[in-house]
Structure formats: structure tokens, C-alpha cells
Amino acid sequence: MRVDIDAQEIYIKNLFSEKYLFQIPNFQRPFSWTVENFAQLFEDLNDAKNNNQELFADDVQKYEPYFIGSIILCTDESRADGSGVYDIIDGQQRLTSLVILMAVLRDLAVNKKAYDNLSEKIYQEEDEFAGTSESIRLKVRDKERKFFKENVLTPGSTKNVDRIDLRDLSEPKINIVDAVKTFRDKLITDNDADQNLINDMTKYILQKLVLVVVKTNSIYSAFRLFNVINARGMPLSNSDLLKSENLREIKDSKEQDKYAKLWEDMEEEVGREEIEDLISFIRSIKLKEKAKSSIYEEFDKKVFVKENDFKGKPFIEYLNKVKNIYQKKLLDADITADDERKSTYYHNLVSLMYNYLPFKDWMIAPIRFSEKFSDPLLYDFIKKYEKRIAVDWVKGLGYTARLSQIYRIVKLIENQDDVYDIFNSELLSIDEKEIPNLEDALNYRDFYKKGRWQVPKYVLLRLDLDQRNSDSVKINYGDNISVEHILPKRADAAYWTERFDDRAQYEWKNRLGNLVPLNGRKNTRASNKAFTDKVEDYFDKKKNDFVLVEELKDYNDWNLDNLKKRHNELIQKTINILTNN
């Protein structure tokens, strides 16, 4: 059989048309995107839409197309015009999420044209009177297909999301529910659907979203394409482009060689990826707004236009300055303070942030602060700043909102010469009004999964850090820490079923009070042991380097009352740590 491969840009409105039908093969992994992914997808689309509206108002035809990646499709039955039923080999998470978003928009839309356009892109019900058969644009895996049809594809179904009983649902089905809830939350304000936003978002998605669609008639070819597209190649990076651009600005050949060597030395000291990050940080420091194009374009069209004498030597020298701050103050977490205890506490806190905050943008403000103020003041800044960053992240503030908060803090640092005006700013203070939202986040039934499993790990380690003598001994938590359930995730041993019925297990197994940090990988064979055996065996010295684990020895039994007691104590301790200004 001749292998055909075709690649082209296709707009969403054409992709979800009568020409194409998609199905997710059962060999594909389950739908695994989480709340953070859905929120980020929506925010990225909304930001791009808003940027275009600023330039072109309501003239959607002038909007820039928005590229949302590539997908790989496979079929051996396509027609001459390309139509057919296609297996999705790569891109199912994105396409499934887009279908859910369009379904939520459909069910909230008051405008009939918006409703009709969205409906026909998603699902066509059978109509014996009109002579039309059922047509499902996207068929998910068999295990989720009926659930997806009933709760997403069927018109009006997403309005009933809060009635769905989650207790016996599989992980992919829970993720589908989370997607619906996340998109609804973004589109509803004070219990009213934002019809302007719904209409604008519908137009933008249908008219301006574009994907690169790679089609082949060979499953083996499709898998090879998947491996090539997802392989770790060495594409030309923003760092490479800016290196060339800035060295070209230096006319003297000896000087050019000198600065080329400086650049290469920086890459050797901290790594190419880190230099790429630092260049992104510089862009943020200079512009203090979310990037609207590639980092290279942001420099070329904005930074170097705004500061035309910044290109060349000044840029490379400033990059080296930022690299030195990053390397010493953040990577090594080292400051020269007036008190050794402050240096130690700074090291422990910044090391925790560096290793366990899963987003790097938090580093922008400390770098800018360190440019301007001394190490002892950086210690005071970090103590307040970490709480602001952690509270925003833990309570579920979206990435764009958190980034905007960081940019406001950078502006504050630049505009204030009196450091105490910075420390006393409301930007670095936790308002009492925020505490209920923080408490709700910490009390979340599925806290274990929050932030793609990163939030519980950070909170537990932050609690552990605060309960140690963290200003006297440098602590290294390492990079192989797991979060363990005390009441097992799958509790089928008699010890556990006698103490926790199905409802209690569902409600409490993933809450903060049932979690502990452990060194190394989990021992799943030990997870169902009785509590006292766990304390002696599972939490042994090799795995136990945590105050939170040691405290479990104060309990003789692990029942619902003890779990609730520990849960409430940990919530209160976390709130005290993160909100004490």
C-alpha cells in the first residue's frame, strides 16, 4: 500500500464540519487534562481575542488567526476531497477540550445563530421527520462515549453538570465534568451568563482558530510522525535568534568574539534552557505584560523599539547580570545577610520555591528586587512575596491573573525607592477577605489532585518546613518526594473498610488531612496495611525525614474522627503560615 501524508492548516469551523468525523481509538490513553489545563486553554483564547479586539474592535475578519498546535489523523478510507472518518493519533486532549468548550458555549448562548452554529459543529441529533441521521463529530473512547454524549454532546446537558454524582466515576469522566465546570465558571458572572463574552468567544473560535492537520493512511506512519513531532529536537530557539541579533550589532570583530564567548560561558554555567528562561524574564521586566507573540518578536518589535540603545553589548551584559542574580540568589539560594539564621531560612524557603513551584515566572520579581536592594532586604521581601505567590496559586487563581499580579509587583519595585513602601504595599499583603477562598481550596475534597498534584506537595512541604528549626539547619528536600495517602486510595482491607464506609472514603481519602510527604517512590503493596503497621513499616527511617510523618506516631488509630482532627489542624496551620503578614 502506498503511504500518503498530507499536512495543511485547517480552521476549526472547517475541521468540525460534515466533511470530517473523528474518533479516539481505544488504544489511546484516557482523557487526562485537568482544571489547570482547561483554565489555561480558556485564558489563552480569551487573551488572544482581547488583544485583537484592542486593535480591530469588532471586525473579526481582521483578527490574526490563532494557532493551537497540530494534530495527527489516520484513515484508510478517505474520499478524494479528504472527507472521511479519522482516528486521532495525536491531539485528542486538545480536540476533546475544544468540543466541551463549544458545548458549554452552545448551552449558555442566547443568540440563536451562535447556538445553531455551535450545535452543528458538535452533534446532530437524529430527526426522522427531517430524514437526518445522528452525526457525532467526535467519538471519544468506548468507555466514556455514552457519558460524553449524555453530558456534553446532547443540547442543554452541560447545564446539569452540578447534578452529576462523582462518587463512582472514572478519572476520565471526572475530568470531563471538571472541564464543563471550569468553562462555565469562566463564562458566568454573578449567576448570569456573559452573553457578550459568549458571542465574542464563539466568533473567535469558529472563525480564527487554526490547527496544522497531518493526515496519513498508515497507522505505522502516523506513529512515526507522532514520535518525530514529539521528539526532543534542537529547533532554533529565541535564545539563538537573540544571540545572533545582538552579536551582529557589535561591529568590532574582537569585541564580537569576546561577547560571543561570554554568551557561551553563560550557557555552560546554567544551561541553554535556563538562558532561554532568563531572556523571557528580561522581557517581562522590560514590558511588564503577558507576551502576545514569540519572545524574539517581543524584543524585536517592542523592547528594542522602546530602548533602541539596549541592543548589542548592553543586552548581553544585562543578561549576564540577571544570570548572576539567578544563579546565586535563586538557583543556589544564597544571600549574605546580617544574621546567619536569616541566610539559612532564606536558603530553605527559596530552595522549596525553586524545586516545587511548577511555574518559573515567580522568579521575575526577586530578580528585579535584587537588582535594586541589598541581600538583607531580599530576605524580608521573599518572606512576604512567597506568601502572596503561594496563596494565589493554592486558592486557584488562574495563570494570567497570577502573572498580572507579578507584573504589578515588578512595577511597584521599580517605582518605589523606599523599600518599606514596597513591604507595606497591599500587593504583598494577604487581605482577610481572601482567607475564606484559601480555606475552601485547602478543604477541597480532591485536594490531592489540585494543580496536577503539585499543590498538595508544596503545601505539605511548606507545613513541614515551618515546623522544623528552619533557620538553623539547611534543609534539602530532594527531588524524589511523593505524596502518600494514610487511608489508602483503594481501601479494601478489613482494617480500613471497618472504619470508613464508601461515602467516607469518597469524601475524605484525597483531602489534606489524609496526606503525608514521603521520600522516594510509593510502596503500593504496603498501602493497605493497618495504620500502626504503616507507621512502623511504611514510614520507616529511609522514607521518613518529615515532621508531618513523625506526628502520626501520636495517633494509635486512623479513623474518621482522627482524620478530620488532623485535617482541620493542617488547614489552620497553613492559613496561619501563608496569611501572617
# chains A, B, ... in the order shown; residues from 1 in each chain; ligands from 1
>>> select_by_dssp(residues="segment 195-328 of chain A", states="strand (DSSP E or B)", output="ChimeraX atom specification")
/A:209-216
>>> residues_around(residues="segment 492-508 of chain A", least_positions_apart="3", cutoff="6 Å", atoms="only C-alpha atoms", output="ChimeraX atom specification")
/A:511,530,559
>>> write_last_selection(atoms="C-alpha atoms", output="compact mmCIF listing (two decimals), in the first residue's frame")
# COMPACT_ATOMS: atom_id res chain seq x y z
CA ARG A 511 -8.24 15.66 51.47
CA ALA A 530 -3.28 -1.24 59.02
CA ASN A 559 -10.42 6.63 61.91
>>> closest_atom_pairs(of="segment 348-453 of chain A", to="segment 301-318 of chain A", cutoff="12 Å", atoms="only C-alpha atoms", output="JSON lines")
{"residue": "A:Ile367", "atom": "CA", "partner": "A:Tyr318", "partner_atom": "CA", "distance": 11.9}
{"residue": "A:Arg368", "atom": "CA", "partner": "A:Tyr318", "partner_atom": "CA", "distance": 11.7}
{"residue": "A:Glu371", "atom": "CA", "partner": "A:Tyr318", "partner_atom": "CA", "distance": 10.6}
>>> select_by_dssp(residues="segment 8-77 of chain A", states="helix (DSSP H, G or I)", output="list in words")
Ile12, Lys13, Asn14, Leu15, Val35, Glu36, Asn37, Phe38, Ala39, Gln40, Leu41, Phe42, Glu43, Asp44, Leu45, Asn46, Asp47, Ala48, Lys49, Asn50, Asn51, Asn52, Gln53, Glu54, Leu55, Phe56, Val60, Gln61 and Lys62 of chain A
>>> write_last_selection(atoms="N, CA and C atoms", output="PDB file, in the first residue's frame")
ATOM      1  N   ILE A  12     -10.988  25.682  12.606  1.00  0.00           N
ATOM      2  CA  ILE A  12     -11.910  24.869  13.405  1.00  0.00           C
ATOM      3  C   ILE A  12     -13.272  24.751  12.732  1.00  0.00           C
ATOM      4  N   LYS A  13     -13.754  25.848  12.161  1.00  0.00           N
ATOM      5  CA  LYS A  13     -15.088  25.811  11.544  1.00  0.00           C
ATOM      6  C   LYS A  13     -15.137  24.813  10.385  1.00  0.00           C
ATOM      7  N   ASN A  14     -13.991  24.577   9.732  1.00  0.00           N
ATOM      8  CA  ASN A  14     -13.942  23.607   8.640  1.00  0.00           C
ATOM      9  C   ASN A  14     -13.614  22.203   9.142  1.00  0.00           C
ATOM     10  N   LEU A  15     -12.859  22.157  10.234  1.00  0.00           N
ATOM     11  CA  LEU A  15     -12.497  20.852  10.791  1.00  0.00           C
ATOM     12  C   LEU A  15     -13.723  20.157  11.373  1.00  0.00           C
ATOM     13  N   VAL A  35      -8.225  20.647  35.566  1.00  0.00           N
ATOM     14  CA  VAL A  35      -8.758  22.011  35.698  1.00  0.00           C
ATOM     15  C   VAL A  35      -7.754  23.049  35.226  1.00  0.00           C
ATOM     16  N   GLU A  36      -6.476  22.889  35.587  1.00  0.00           N
ATOM     17  CA  GLU A  36      -5.461  23.866  35.194  1.00  0.00           C
ATOM     18  C   GLU A  36      -5.329  23.945  33.682  1.00  0.00           C
ATOM     19  N   ASN A  37      -5.382  22.797  32.989  1.00  0.00           N
ATOM     20  CA  ASN A  37      -5.292  22.799  31.530  1.00  0.00           C
ATOM     21  C   ASN A  37      -6.479  23.513  30.900  1.00  0.00           C
ATOM     22  N   PHE A  38      -7.681  23.232  31.422  1.00  0.00           N
ATOM     23  CA  PHE A  38      -8.879  23.856  30.856  1.00  0.00           C
ATOM     24  C   PHE A  38      -8.855  25.369  31.077  1.00  0.00           C
ATOM     25  N   ALA A  39      -8.467  25.773  32.290  1.00  0.00           N
ATOM     26  CA  ALA A  39      -8.399  27.205  32.599  1.00  0.00           C
ATOM     27  C   ALA A  39      -7.378  27.899  31.711  1.00  0.00           C
ATOM     28  N   GLN A  40      -6.228  27.236  31.494  1.00  0.00           N
ATOM     29  CA  GLN A  40      -5.180  27.836  30.666  1.00  0.00           C
ATOM     30  C   GLN A  40      -5.628  27.953  29.218  1.00  0.00           C
ATOM     31  N   LEU A  41      -6.302  26.922  28.706  1.00  0.00           N
ATOM     32  CA  LEU A  41      -6.819  26.970  27.337  1.00  0.00           C
ATOM     33  C   LEU A  41      -7.762  28.148  27.165  1.00  0.00           C
ATOM     34  N   PHE A  42      -8.695  28.302  28.106  1.00  0.00           N
ATOM     35  CA  PHE A  42      -9.660  29.397  28.003  1.00  0.00           C
ATOM     36  C   PHE A  42      -8.957  30.748  28.095  1.00  0.00           C
ATOM     37  N   GLU A  43      -8.049  30.886  29.050  1.00  0.00           N
ATOM     38  CA  GLU A  43      -7.360  32.171  29.231  1.00  0.00           C
ATOM     39  C   GLU A  43      -6.532  32.533  28.011  1.00  0.00           C
ATOM     40  N   ASP A  44      -5.865  31.545  27.411  1.00  0.00           N
ATOM     41  CA  ASP A  44      -5.067  31.820  26.213  1.00  0.00           C
ATOM     42  C   ASP A  44      -5.952  32.302  25.070  1.00  0.00           C
ATOM     43  N   LEU A  45      -7.079  31.632  24.872  1.00  0.00           N
ATOM     44  CA  LEU A  45      -8.013  32.042  23.821  1.00  0.00           C
ATOM     45  C   LEU A  45      -8.577  33.429  24.104  1.00  0.00           C
ATOM     46  N   ASN A  46      -8.963  33.664  25.347  1.00  0.00           N
ATOM     47  CA  ASN A  46      -9.564  34.946  25.711  1.00  0.00           C
ATOM     48  C   ASN A  46      -8.552  36.087  25.593  1.00  0.00           C
ATOM     49  N   ASP A  47      -7.310  35.832  26.004  1.00  0.00           N
ATOM     50  CA  ASP A  47      -6.269  36.856  25.877  1.00  0.00           C
ATOM     51  C   ASP A  47      -6.033  37.212  24.415  1.00  0.00           C
ATOM     52  N   ALA A  48      -5.939  36.181  23.569  1.00  0.00           N
ATOM     53  CA  ALA A  48      -5.709  36.427  22.142  1.00  0.00           C
ATOM     54  C   ALA A  48      -6.880  37.199  21.531  1.00  0.00           C
ATOM     55  N   LYS A  49      -8.095  36.824  21.916  1.00  0.00           N
ATOM     56  CA  LYS A  49      -9.288  37.544  21.433  1.00  0.00           C
ATOM     57  C   LYS A  49      -9.254  38.998  21.879  1.00  0.00           C
ATOM     58  N   ASN A  50      -8.949  39.221  23.151  1.00  0.00           N
ATOM     59  CA  ASN A  50      -8.912  40.592  23.680  1.00  0.00           C
ATOM     60  C   ASN A  50      -7.844  41.437  22.996  1.00  0.00           C
ATOM     61  N   ASN A  51      -6.684  40.838  22.722  1.00  0.00           N
ATOM     62  CA  ASN A  51      -5.619  41.574  22.032  1.00  0.00           C
ATOM     63  C   ASN A  51      -6.071  42.025  20.648  1.00  0.00           C
ATOM     64  N   ASN A  52      -6.791  41.150  19.950  1.00  0.00           N
ATOM     65  CA  ASN A  52      -7.303  41.510  18.626  1.00  0.00           C
ATOM     66  C   ASN A  52      -8.396  42.571  18.714  1.00  0.00           C
ATOM     67  N   GLN A  53      -9.235  42.457  19.757  1.00  0.00           N
ATOM     68  CA  GLN A  53     -10.296  43.458  19.923  1.00  0.00           C
ATOM     69  C   GLN A  53      -9.726  44.846  20.178  1.00  0.00           C
ATOM     70  N   GLU A  54      -8.595  44.911  20.897  1.00  0.00           N
ATOM     71  CA  GLU A  54      -7.954  46.205  21.135  1.00  0.00           C
ATOM     72  C   GLU A  54      -7.503  46.848  19.832  1.00  0.00           C
ATOM     73  N   LEU A  55      -7.085  46.015  18.876  1.00  0.00           N
ATOM     74  CA  LEU A  55      -6.568  46.536  17.608  1.00  0.00           C
ATOM     75  C   LEU A  55      -7.663  46.760  16.571  1.00  0.00           C
ATOM     76  N   PHE A  56      -8.632  45.843  16.519  1.00  0.00           N
ATOM     77  CA  PHE A  56      -9.593  45.856  15.413  1.00  0.00           C
ATOM     78  C   PHE A  56     -11.051  45.932  15.855  1.00  0.00           C
ATOM     79  N   VAL A  60     -13.955  41.080  13.138  1.00  0.00           N
ATOM     80  CA  VAL A  60     -13.318  39.773  13.339  1.00  0.00           C
ATOM     81  C   VAL A  60     -12.502  39.353  12.124  1.00  0.00           C
ATOM     82  N   GLN A  61     -12.910  39.788  10.933  1.00  0.00           N
ATOM     83  CA  GLN A  61     -12.183  39.403   9.723  1.00  0.00           C
ATOM     84  C   GLN A  61     -10.730  39.850   9.752  1.00  0.00           C
ATOM     85  N   LYS A  62     -10.447  40.922  10.481  1.00  0.00           N
ATOM     86  CA  LYS A  62      -9.076  41.444  10.555  1.00  0.00           C
ATOM     87  C   LYS A  62      -8.249  40.786  11.664  1.00  0.00           C
TER      88      LYS A  62
END
>>> residues_around(residues="segment 413-420 of chain A", least_positions_apart="6", cutoff="9 Å", atoms="only C-alpha atoms", output="PyMOL selection string")
chain A and resi 365+368-369+372-373+377
>>> residues_around(residues="Lys121 of chain A", least_positions_apart="3", cutoff="8 Å", atoms="only C-alpha atoms", output="list in words")
Lys13, Phe16, Ser17, Asn117, Leu118 and Arg137 of chain A
>>> write_last_selection(atoms="C-alpha atoms", output="PDB file, in the first residue's frame")
ATOM      1  CA  LYS A  13     -15.088  25.811  11.544  1.00  0.00           C
ATOM      2  CA  PHE A  16     -15.772  20.361  12.679  1.00  0.00           C
ATOM      3  CA  SER A  17     -17.904  20.135   9.555  1.00  0.00           C
ATOM      4  CA  ASN A 117     -23.521  27.265  14.574  1.00  0.00           C
ATOM      5  CA  LEU A 118     -22.087  25.675  17.691  1.00  0.00           C
ATOM      6  CA  ARG A 137     -18.305  14.925  15.075  1.00  0.00           C
TER       7      ARG A 137
END
>>> residues_around(residues="Ile5 of chain A", least_positions_apart="6", cutoff="10 Å", atoms="only C-alpha atoms", output="number ranges by chain")
A: 73-74, 214-218, 221-222, 225
>>> closest_residue(among="A:Asn514, A:Thr532, A:Thr75, A:Asn355", to="Asn562 of chain A", atoms="only C-alpha atoms")
A:Asn514
>>> closest_residue(among="A:Arg408, A:Lys450, A:Lys387, A:Arg29", to="Asp90 of chain A", atoms="only C-alpha atoms")
A:Arg29
>>> residues_around(residues="Val212 of chain A", least_positions_apart="2", cutoff="10 Å", atoms="only C-alpha atoms", output="PyMOL selection string")
chain A and resi 7-11+67-72+210+214-215
>>> closest_residue(among="A:Lys384, A:Val350, A:Asn437, A:Ser370", to="Leu465 of chain A", atoms="only C-alpha atoms")
A:Val350
>>> atom_distance(atom1="atom CA of Ile481 of chain A", atom2="atom CA of Leu518 of chain A")
5.6 Å
>>> closest_atom_pairs(of="segment 167-255 of chain A", to="segment 262-286 of chain A", cutoff="10 Å", atoms="only C-alpha atoms", output="Markdown table")
| residue | atom | partner | partner_atom | distance |
| --- | --- | --- | --- | --- |
| A:Ser237 | CA | A:Glu276 | CA | 7.8 |
| A:Asn238 | CA | A:Glu276 | CA | 6.9 |
| A:Ser239 | CA | A:Glu276 | CA | 5.4 |
| A:Asp240 | CA | A:Glu276 | CA | 8.9 |
| A:Leu242 | CA | A:Ile279 | CA | 8.9 |
| A:Lys243 | CA | A:Trp263 | CA | 7.7 |
| A:Leu247 | CA | A:Trp263 | CA | 9.6 |
